[in-house]
>>> print(open('entry_15.tsv').read())   # TSV, C-alpha atoms
chain	number	residue	atom	x	y	z
A	22	MET	CA	27.37	13.53	-133.99
A	23	ARG	CA	25.60	16.12	-131.84
A	24	ASN	CA	24.87	13.53	-129.14
A	25	ALA	CA	28.52	12.47	-129.13
A	26	PHE	CA	29.58	16.10	-128.72
A	27	TYR	CA	27.20	16.55	-125.78
A	28	THR	CA	28.48	13.35	-124.19
A	29	VAL	CA	32.13	14.48	-124.46
A	30	ALA	CA	31.21	17.91	-123.09
A	31	VAL	CA	29.42	16.40	-120.08
A	32	LEU	CA	32.28	14.00	-119.37
A	33	PHE	CA	34.80	16.84	-119.57
A	34	PHE	CA	32.68	18.94	-117.21
A	35	LEU	CA	32.53	16.06	-114.73
A	36	ILE	CA	36.20	15.11	-114.75
A	37	SER	CA	37.78	18.58	-115.17
A	38	PRO	CA	37.49	19.44	-111.44
A	39	GLY	CA	39.37	16.26	-110.65
A	40	ILE	CA	42.07	17.12	-113.17
A	41	ALA	CA	42.40	20.64	-111.76
A	42	GLN	CA	42.52	19.28	-108.23
A	43	GLU	CA	45.21	16.78	-109.19
A	44	ALA	CA	47.24	19.56	-110.86
A	45	GLU	CA	46.81	21.69	-107.78
A	46	GLN	CA	48.03	18.87	-105.60
A	47	LYS	CA	51.26	18.73	-107.60
A	48	VAL	CA	52.10	22.34	-106.77
A	49	ASP	CA	54.84	22.38	-104.14
A	50	TYR	CA	53.81	24.95	-101.54
A	51	SER	CA	56.82	24.03	-99.40
A	52	TYR	CA	59.31	25.00	-102.10
A	53	LEU	CA	62.78	26.32	-101.34
A	54	GLU	CA	64.67	28.86	-103.46
A	55	ASP	CA	68.24	29.56	-104.54
A	56	GLN	CA	70.12	26.81	-102.74
A	57	PHE	CA	73.21	26.57	-104.98
A	58	TYR	CA	75.19	29.57	-106.20
A	59	VAL	CA	78.06	30.41	-108.54
A	60	GLY	CA	79.56	33.88	-108.72
A	61	LEU	CA	82.17	35.77	-110.74
A	62	THR	CA	83.55	39.12	-109.59
A	63	TYR	CA	86.06	41.85	-110.32
A	64	ASN	CA	88.15	42.52	-107.23
A	65	PHE	CA	88.91	46.13	-106.36
A	66	ILE	CA	91.44	47.07	-103.68
A	67	LEU	CA	90.56	50.05	-101.51
A	68	ASP	CA	92.74	51.83	-98.93
A	69	LYS	CA	95.92	50.54	-100.54
A	70	PRO	CA	99.30	52.31	-100.16
A	71	VAL	CA	99.82	55.27	-102.48
A	72	ASP	CA	102.53	53.54	-104.53
A	73	VAL	CA	100.56	50.32	-105.05
A	74	ASN	CA	98.54	50.06	-108.27
A	75	GLN	CA	96.21	47.38	-109.56
A	76	GLN	CA	97.18	45.70	-112.81
A	77	ASN	CA	95.62	43.23	-115.23
A	78	LEU	CA	92.28	41.65	-114.30
A	79	SER	CA	91.82	40.93	-110.60
A	80	TYR	CA	89.05	38.35	-110.46
A	81	GLY	CA	87.17	36.16	-108.03
A	82	LEU	CA	85.21	32.94	-108.32
A	83	GLN	CA	82.80	31.61	-105.69
A	84	LEU	CA	80.48	28.64	-105.43
A	85	GLY	CA	78.58	26.85	-102.71
A	86	PHE	CA	75.34	25.75	-101.10
A	87	ILE	CA	72.89	27.82	-99.04
A	88	LYS	CA	70.13	26.33	-96.90
A	89	ASP	CA	66.94	28.31	-97.55
A	90	LEU	CA	64.84	28.80	-94.39
A	91	PRO	CA	61.51	30.55	-95.14
A	92	LEU	CA	60.27	32.85	-92.36
A	93	ASN	CA	56.69	33.45	-93.54
A	94	SER	CA	53.89	31.33	-94.99
A	95	SER	CA	54.18	32.83	-98.49
A	96	ARG	CA	57.93	32.06	-98.43
A	97	THR	CA	58.82	35.50	-99.76
A	98	PHE	CA	60.95	36.27	-96.69
A	99	ALA	CA	63.67	33.84	-95.69
A	100	LEU	CA	66.98	33.29	-93.99
A	101	GLY	CA	69.85	31.72	-95.90
A	102	ILE	CA	72.89	30.08	-94.26
A	103	GLY	CA	75.49	28.36	-96.40
A	104	LEU	CA	78.95	27.00	-96.98
A	105	GLY	CA	81.11	27.72	-99.98
A	106	TYR	CA	84.53	28.03	-101.56
A	107	ALA	CA	86.10	31.11	-103.13
A	108	VAL	CA	89.32	31.93	-104.92
A	109	ASN	CA	90.35	35.57	-105.34
A	110	SER	CA	93.26	37.02	-107.28
A	111	TYR	CA	94.68	40.51	-106.80
A	112	TYR	CA	97.05	41.70	-109.55
A	113	THR	CA	99.21	44.62	-108.40
A	114	ASN	CA	102.74	45.98	-108.45
A	115	LEU	CA	103.20	44.97	-104.80
A	116	ASN	CA	106.45	43.01	-104.55
A	117	ILE	CA	106.47	40.33	-101.85
A	118	VAL	CA	109.87	38.84	-101.05
A	119	GLU	CA	110.27	35.73	-98.92
A	120	VAL	CA	113.12	36.07	-96.43
A	121	GLY	CA	113.37	32.95	-94.31
A	122	ASP	CA	110.11	32.70	-92.36
A	123	ASP	CA	109.35	36.39	-92.89
A	124	PHE	CA	108.26	38.56	-95.80
A	125	GLN	CA	109.32	41.96	-97.06
A	126	TYR	CA	107.05	44.27	-99.03
A	127	GLY	CA	107.89	46.84	-101.65
A	128	ILE	CA	107.13	47.88	-105.22
A	129	VAL	CA	108.10	45.68	-108.18
A	130	ASP	CA	111.25	47.03	-109.84
A	131	SER	CA	110.55	48.01	-113.44
A	132	ASP	CA	113.91	46.51	-114.45
A	133	LEU	CA	112.59	43.01	-113.63
A	134	GLY	CA	110.37	42.99	-116.70
A	135	ALA	CA	107.38	41.76	-114.72
A	136	LYS	CA	104.61	40.19	-116.82
A	137	ARG	CA	102.23	39.17	-114.07
A	138	ASN	CA	102.27	39.68	-110.34
A	139	LYS	CA	99.43	38.53	-108.11
A	140	LEU	CA	98.38	37.51	-104.66
A	141	GLU	CA	95.86	34.66	-104.68
A	142	THR	CA	93.71	33.57	-101.74
A	143	HIS	CA	91.62	30.42	-101.25
A	144	LEU	CA	88.80	30.58	-98.73
A	145	LEU	CA	86.08	28.60	-97.05
A	146	GLU	CA	83.10	30.93	-96.66
A	147	ILE	CA	79.88	31.05	-94.66
A	148	PRO	CA	77.30	33.37	-96.28
A	149	ILE	CA	74.38	34.52	-94.11
A	150	GLU	CA	71.51	36.24	-95.91
A	151	LEU	CA	68.16	37.85	-95.16
A	152	ARG	CA	66.17	37.14	-98.33
A	153	LEU	CA	63.34	39.18	-99.82
A	154	ARG	CA	61.71	37.97	-103.06
A	155	ASN	CA	58.38	37.87	-104.88
A	156	SER	CA	58.50	34.20	-105.90
A	157	THR	CA	55.54	31.82	-105.94
A	158	PRO	CA	55.27	28.00	-106.06
A	159	THR	CA	54.80	28.15	-109.85
A	160	GLU	CA	56.83	31.23	-110.82
A	161	TYR	CA	60.55	30.70	-111.36
A	162	ARG	CA	61.32	34.21	-112.56
A	163	PHE	CA	61.20	36.76	-109.81
A	164	TRP	CA	62.91	39.74	-108.24
A	165	ARG	CA	65.21	39.13	-105.29
A	166	PHE	CA	67.07	41.26	-102.79
A	167	TYR	CA	69.39	39.40	-100.42
A	168	LEU	CA	71.31	41.35	-97.80
A	169	GLY	CA	73.74	39.87	-95.30
A	170	ALA	CA	77.28	39.09	-94.28
A	171	LYS	CA	79.97	36.63	-95.21
A	172	LEU	CA	82.49	34.99	-92.90
A	173	GLY	CA	85.58	33.39	-94.36
A	174	TYR	CA	88.71	31.46	-93.53
A	175	ALA	CA	91.71	31.87	-95.85
A	176	PHE	CA	93.33	28.44	-95.78
A	177	GLY	CA	95.80	29.24	-98.54
A	178	SER	CA	97.44	32.43	-99.87
A	179	ARG	CA	100.09	32.47	-102.58
A	180	SER	CA	102.24	35.15	-104.20
A	181	LYS	CA	103.30	34.64	-107.81
A	182	LEU	CA	105.61	36.90	-109.83
A	183	VAL	CA	106.30	36.11	-113.49
A	184	THR	CA	109.18	37.95	-115.18
A	185	ASP	CA	111.17	37.65	-118.41
A	186	THR	CA	113.63	35.34	-116.68
A	187	GLY	CA	111.29	33.05	-114.75
A	188	LYS	CA	108.75	32.96	-111.97
A	189	ASP	CA	108.78	33.08	-108.18
A	190	SER	CA	105.89	31.53	-106.25
A	191	PHE	CA	105.41	30.83	-102.56
A	192	TYR	CA	102.80	30.80	-99.79
A	193	VAL	CA	102.24	34.00	-97.82
A	194	THR	CA	101.32	33.60	-94.16
A	195	ASP	CA	100.88	37.33	-93.49
A	196	VAL	CA	97.34	37.29	-94.91
A	197	ASP	CA	94.73	37.59	-92.15
A	198	LYS	CA	93.08	34.18	-92.21
A	199	PHE	CA	89.76	35.29	-90.72
A	200	ARG	CA	87.77	37.29	-93.25
A	201	TYR	CA	84.44	39.05	-92.76
A	202	GLY	CA	82.40	41.61	-94.63
A	203	LEU	CA	79.00	42.81	-95.80
A	204	MET	CA	77.32	41.67	-99.01
A	205	ALA	CA	74.24	42.28	-101.14
A	206	ASN	CA	72.79	40.24	-103.99
A	207	PHE	CA	69.97	41.68	-106.06
A	208	GLY	CA	68.43	41.18	-109.48
A	209	TYR	CA	65.83	39.37	-111.55
A	210	ASN	CA	65.70	35.77	-112.74
A	211	THR	CA	69.12	34.44	-113.80
A	212	PHE	CA	71.32	37.54	-113.68
A	213	ASN	CA	71.96	39.11	-110.29
A	214	ILE	CA	74.47	41.65	-109.06
A	215	HIS	CA	76.79	40.63	-106.22
A	216	VAL	CA	78.60	43.16	-104.02
A	217	TYR	CA	80.94	42.31	-101.14
A	218	TYR	CA	82.82	44.82	-98.98
A	219	ALA	CA	85.43	43.54	-96.55
A	220	LEU	CA	85.40	44.93	-93.02
A	221	ASN	CA	88.97	43.95	-92.21
A	222	ASN	CA	92.37	44.35	-93.82
A	223	LEU	CA	93.51	41.58	-96.14
A	224	PHE	CA	96.89	41.56	-94.38
A	225	LYS	CA	97.70	41.23	-90.71
A	226	GLU	CA	98.06	44.43	-88.72
A	227	GLY	CA	101.46	46.07	-88.28
A	228	LEU	CA	102.92	45.35	-91.72
A	229	SER	CA	104.46	48.05	-93.90
A	230	LEU	CA	106.28	48.60	-97.18
A	231	ASP	CA	110.04	49.19	-97.26
A	232	THR	CA	109.15	52.89	-97.69
A	233	GLY	CA	107.42	52.91	-94.30
A	234	GLN	CA	103.85	53.07	-95.68
A	235	GLU	CA	101.36	50.94	-93.82
A	236	LEU	CA	100.32	47.86	-95.81
A	237	THR	CA	96.53	48.03	-96.05
A	238	PHE	CA	94.30	46.23	-98.55
A	239	THR	CA	90.50	46.41	-98.30
A	240	PRO	CA	88.83	44.14	-100.88
A	241	LEU	CA	85.68	45.27	-102.69
A	242	ARG	CA	84.22	42.63	-105.00
A	243	ILE	CA	81.54	43.44	-107.60
A	244	GLY	CA	80.17	41.02	-110.16
A	245	PHE	CA	77.45	38.53	-110.97
A	246	ILE	CA	75.95	35.68	-108.98
A	247	PHE	CA	73.80	32.88	-110.40
A	248	TYR	CA	71.40	30.85	-108.26
A	249	ILE	CA	70.27	27.26	-108.86
A	250	LEU	CA	67.49	25.48	-106.99
>>> encode(input="entry_15.tsv", output="structure tokens")
Amino acid sequence: MRNAFYTVAVLFFLISPGIAQEAEQKVDYSYLEDQFYVGLTYNFILDKPVDVNQQNLSYGLQLGFIKDLPLNSSRTFALGIGLGYAVNSYYTNLNIVEVGDDFQYGIVDSDLGAKRNKLETHLLEIPIELRLRNSTPTEYRFWRFYLGAKLGYAFGSRSKLVTDTGKDSFYVTDVDKFRYGLMANFGYNTFNIHVYYALNNLFKEGLSLDTGQELTFTPLRIGFIFYIL
């Protein structure tokens, strides 16, 4: 029995370096991080006219793919460039009325019995990120801090007003199609905070309410973003 034990011990000693080397060879030192993303946000509206108030839950959903381009040998510093889709809803008391090919803007009359009133935008987005993280080839839980910008194209914008007597829905062409802003994503492991601040007005320049107030909407989106390899 003792001889058998010694034999097994010697064999293990001889083959263990090969096992360790084989395991080491399976480690992917050219790994890439965080290439798919899904995000959910609450959409604030800054710089809005005095009489315009947010109502209900203004939300946003985003998803897409980002190409991870490591910039150092340890792959803790990288550049991310991607393509994604986003839908954002803004619930307010802003009344948009379609008049021929034009639109008029005011405040929803309380006598209408409005239940829901929103402006919804659909966008193609290009996120660009500088990525700092403390990941390793074998560690999938790590801290990350991604700072960058996001470019967008609003290919569809719709106004929808639901009242006691029915609903009115139509496309709004006064939304500025080209969107751009700053963003930051930071957190640990699965749950990460996402912040986006628009650098341009949601609407085209020169628009105003029927009261004469300038129509300005600056989106601020705060929520969560989830990354998948």
>>> residues_near_point(input="entry_15.tsv", point="(89.5, 39.2, -94.4)", cutoff="8 Å", atoms="all atoms listed in the file", output="number ranges by chain")
A: 173-175, 197-202, 219-224
>>> closest_residue(input="entry_15.tsv", among="A:His143, A:Arg152, A:Arg137, A:Arg96", to="A:Phe176", atoms="only C-alpha atoms")
A:His143
>>> atom_distance(input="entry_15.tsv", atom1="atom CA of A:Ile246", atom2="atom CA of A:Val193")
28.6 Å
>>> closest_residue(input="entry_15.tsv", among="A:Gln83, A:Asn77, A:Ser95, A:Asn116", to="A:Leu236", atoms="all atoms listed in the file")
A:Asn116
>>> closest_residue(input="entry_15.tsv", among="A:Ser156, A:Gln125, A:Ser110, A:Thr97", to="A:Gly233", atoms="all atoms listed in the file")
A:Gln125
>>> residues_around(input="entry_15.tsv", residues="A:Tyr218", least_positions_apart="2", cutoff="10 Å", atoms="all atoms listed in the file", output="PDB file with C-alpha atoms, in the coordinates of the input")
ATOM      1  CA  PHE A  65      88.910  46.130-106.360  1.00  0.00           C
ATOM      2  CA  LEU A  67      90.560  50.050-101.510  1.00  0.00           C
ATOM      3  CA  ALA A 170      77.280  39.090 -94.280  1.00  0.00           C
ATOM      4  CA  LYS A 171      79.970  36.630 -95.210  1.00  0.00           C
ATOM      5  CA  TYR A 201      84.440  39.050 -92.760  1.00  0.00           C
ATOM      6  CA  GLY A 202      82.400  41.610 -94.630  1.00  0.00           C
ATOM      7  CA  LEU A 203      79.000  42.810 -95.800  1.00  0.00           C
ATOM      8  CA  MET A 204      77.320  41.670 -99.010  1.00  0.00           C
ATOM      9  CA  ALA A 205      74.240  42.280-101.140  1.00  0.00           C
ATOM     10  CA  VAL A 216      78.600  43.160-104.020  1.00  0.00           C
ATOM     11  CA  LEU A 220      85.400  44.930 -93.020  1.00  0.00           C
ATOM     12  CA  ASN A 221      88.970  43.950 -92.210  1.00  0.00           C
ATOM     13  CA  THR A 239      90.500  46.410 -98.300  1.00  0.00           C
ATOM     14  CA  PRO A 240      88.830  44.140-100.880  1.00  0.00           C
ATOM     15  CA  LEU A 241      85.680  45.270-102.690  1.00  0.00           C
ATOM     16  CA  ARG A 242      84.220  42.630-105.000  1.00  0.00           C
ATOM     17  CA  ILE A 243      81.540  43.440-107.600  1.00  0.00           C
TER      18      ILE A 243
END
>>> residues_around(input="entry_15.tsv", residues="stretch 98-107 of chain A", least_positions_apart="6", cutoff="8 Å", atoms="only C-alpha atoms", output="list in words")
Gly81, Leu82, Gln83, Leu84, Gly85, Phe86, Ile87, Lys88, Asp89, Leu90, Pro91, Leu92, His143, Leu144, Leu145, Glu146, Ile147, Pro148, Ile149, Glu150, Leu151, Arg152, Leu153 and Arg154 of chain A
>>> axis_aligned_box(input="entry_15.tsv", around="stretch 213-230 of chain A", padding_each_side="8 Å", output="lines of an AutoDock Vina configuration file")
center_x = 89.1
center_y = 43.9
center_z = -99.3
size_x = 50.3
size_y = 25.5
size_z = 38.0
>>> closest_residue(input="entry_15.tsv", among="A:Asp185, A:Asp55, A:Asp231, A:Glu160", to="A:Leu115", atoms="all atoms listed in the file")
A:Asp231
>>> closest_residue(input="entry_15.tsv", among="A:Phe191, A:Phe247, A:Phe212, A:Phe207", to="A:Glu119", atoms="all atoms listed in the file")
A:Phe191
>>> atom_distance(input="entry_15.tsv", atom1="atom CA of A:Ser79", atom2="atom CA of A:Phe124")
22.2 Å
>>> residues_around(input="entry_15.tsv", residues="A:Asp72", least_positions_apart="5", cutoff="9 Å", atoms="all atoms listed in the file", output="list of chain:residue names")
A:Asn114, A:Leu115, A:Ile128, A:Gln234
>>> atom_distance(input="entry_15.tsv", atom1="atom CA of A:Leu140", atom2="atom CA of A:Ser178")
7.0 Å
>>> closest_residue(input="entry_15.tsv", among="A:Val59, A:Thr142, A:Ile66, A:Ile214", to="A:Gly177", atoms="only C-alpha atoms")
A:Thr142
>>> decode(input="entry_15.tsv", residues="stretch 132-165 of chain A", atoms="N, CA and C atoms", output="compact mmCIF listing (two decimals), in the first residue's frame")
# COMPACT_ATOMS: atom_id res chain seq x y z
N ASP A 132 -59.39 70.36 -19.23
CA ASP A 132 -60.74 69.90 -19.56
C ASP A 132 -60.74 68.68 -20.49
N LEU A 133 -59.59 68.37 -21.09
CA LEU A 133 -59.52 67.23 -22.02
C LEU A 133 -59.56 65.89 -21.28
N GLY A 134 -59.25 65.92 -20.00
CA GLY A 134 -59.20 64.66 -19.25
C GLY A 134 -58.07 63.77 -19.73
N ALA A 135 -56.90 64.36 -19.89
CA ALA A 135 -55.75 63.61 -20.40
C ALA A 135 -55.31 62.53 -19.42
N LYS A 136 -55.11 61.31 -19.94
CA LYS A 136 -54.61 60.20 -19.13
C LYS A 136 -53.11 60.02 -19.33
N ARG A 137 -52.69 60.09 -20.55
CA ARG A 137 -51.26 59.96 -20.87
C ARG A 137 -50.94 60.89 -22.03
N ASN A 138 -49.76 61.49 -21.95
CA ASN A 138 -49.33 62.37 -23.02
C ASN A 138 -47.81 62.27 -23.12
N LYS A 139 -47.31 61.80 -24.24
CA LYS A 139 -45.87 61.58 -24.34
C LYS A 139 -45.34 61.90 -25.73
N LEU A 140 -44.06 62.17 -25.73
CA LEU A 140 -43.29 62.26 -26.97
C LEU A 140 -42.28 61.12 -26.94
N GLU A 141 -42.28 60.31 -27.99
CA GLU A 141 -41.41 59.13 -28.03
C GLU A 141 -40.46 59.24 -29.21
N THR A 142 -39.18 58.97 -28.96
CA THR A 142 -38.17 59.04 -30.02
C THR A 142 -37.50 57.68 -30.18
N HIS A 143 -37.16 57.35 -31.42
CA HIS A 143 -36.43 56.13 -31.76
C HIS A 143 -35.12 56.55 -32.43
N LEU A 144 -34.01 55.99 -31.93
CA LEU A 144 -32.71 56.47 -32.40
C LEU A 144 -31.76 55.32 -32.75
N LEU A 145 -30.92 55.59 -33.73
CA LEU A 145 -29.70 54.81 -33.94
C LEU A 145 -28.58 55.58 -33.26
N GLU A 146 -27.76 54.86 -32.46
CA GLU A 146 -26.74 55.54 -31.67
C GLU A 146 -25.36 54.95 -31.89
N ILE A 147 -24.36 55.81 -31.77
CA ILE A 147 -22.96 55.40 -31.86
C ILE A 147 -22.27 55.82 -30.55
N PRO A 148 -22.11 54.88 -29.61
CA PRO A 148 -21.38 55.20 -28.37
C PRO A 148 -19.88 55.11 -28.60
N ILE A 149 -19.14 56.04 -28.03
CA ILE A 149 -17.68 56.04 -28.09
C ILE A 149 -17.17 56.20 -26.67
N GLU A 150 -16.39 55.21 -26.19
CA GLU A 150 -15.99 55.18 -24.79
C GLU A 150 -14.48 55.02 -24.62
N LEU A 151 -13.92 55.73 -23.64
CA LEU A 151 -12.60 55.42 -23.11
C LEU A 151 -12.83 54.57 -21.87
N ARG A 152 -12.24 53.37 -21.82
CA ARG A 152 -12.60 52.38 -20.82
C ARG A 152 -11.44 52.10 -19.86
N LEU A 153 -11.70 52.30 -18.58
CA LEU A 153 -10.76 51.93 -17.52
C LEU A 153 -11.40 50.82 -16.69
N ARG A 154 -10.63 49.75 -16.39
CA ARG A 154 -11.16 48.63 -15.63
C ARG A 154 -10.01 47.86 -14.99
N ASN A 155 -10.31 47.04 -14.01
CA ASN A 155 -9.26 46.23 -13.39
C ASN A 155 -9.51 44.74 -13.63
N SER A 156 -9.95 44.41 -14.83
CA SER A 156 -10.22 43.02 -15.20
C SER A 156 -8.92 42.26 -15.46
N THR A 157 -9.04 40.93 -15.44
CA THR A 157 -7.93 40.04 -15.78
C THR A 157 -8.48 38.94 -16.68
N PRO A 158 -7.62 38.12 -17.29
CA PRO A 158 -8.11 37.04 -18.16
C PRO A 158 -9.00 36.03 -17.45
N THR A 159 -8.88 35.94 -16.12
CA THR A 159 -9.64 34.93 -15.38
C THR A 159 -10.64 35.53 -14.40
N GLU A 160 -10.70 36.84 -14.32
CA GLU A 160 -11.59 37.50 -13.36
C GLU A 160 -12.72 38.21 -14.10
N TYR A 161 -13.95 37.76 -13.86
CA TYR A 161 -15.09 38.31 -14.57
C TYR A 161 -15.88 39.32 -13.73
N ARG A 162 -15.45 39.54 -12.52
CA ARG A 162 -16.05 40.57 -11.68
C ARG A 162 -15.00 41.65 -11.44
N PHE A 163 -15.30 42.84 -11.88
CA PHE A 163 -14.30 43.89 -11.77
C PHE A 163 -14.98 45.26 -11.78
N TRP A 164 -14.21 46.25 -11.35
CA TRP A 164 -14.67 47.63 -11.40
C TRP A 164 -14.43 48.19 -12.79
N ARG A 165 -15.33 49.06 -13.22
CA ARG A 165 -15.18 49.70 -14.52
C ARG A 165 -15.57 51.17 -14.43
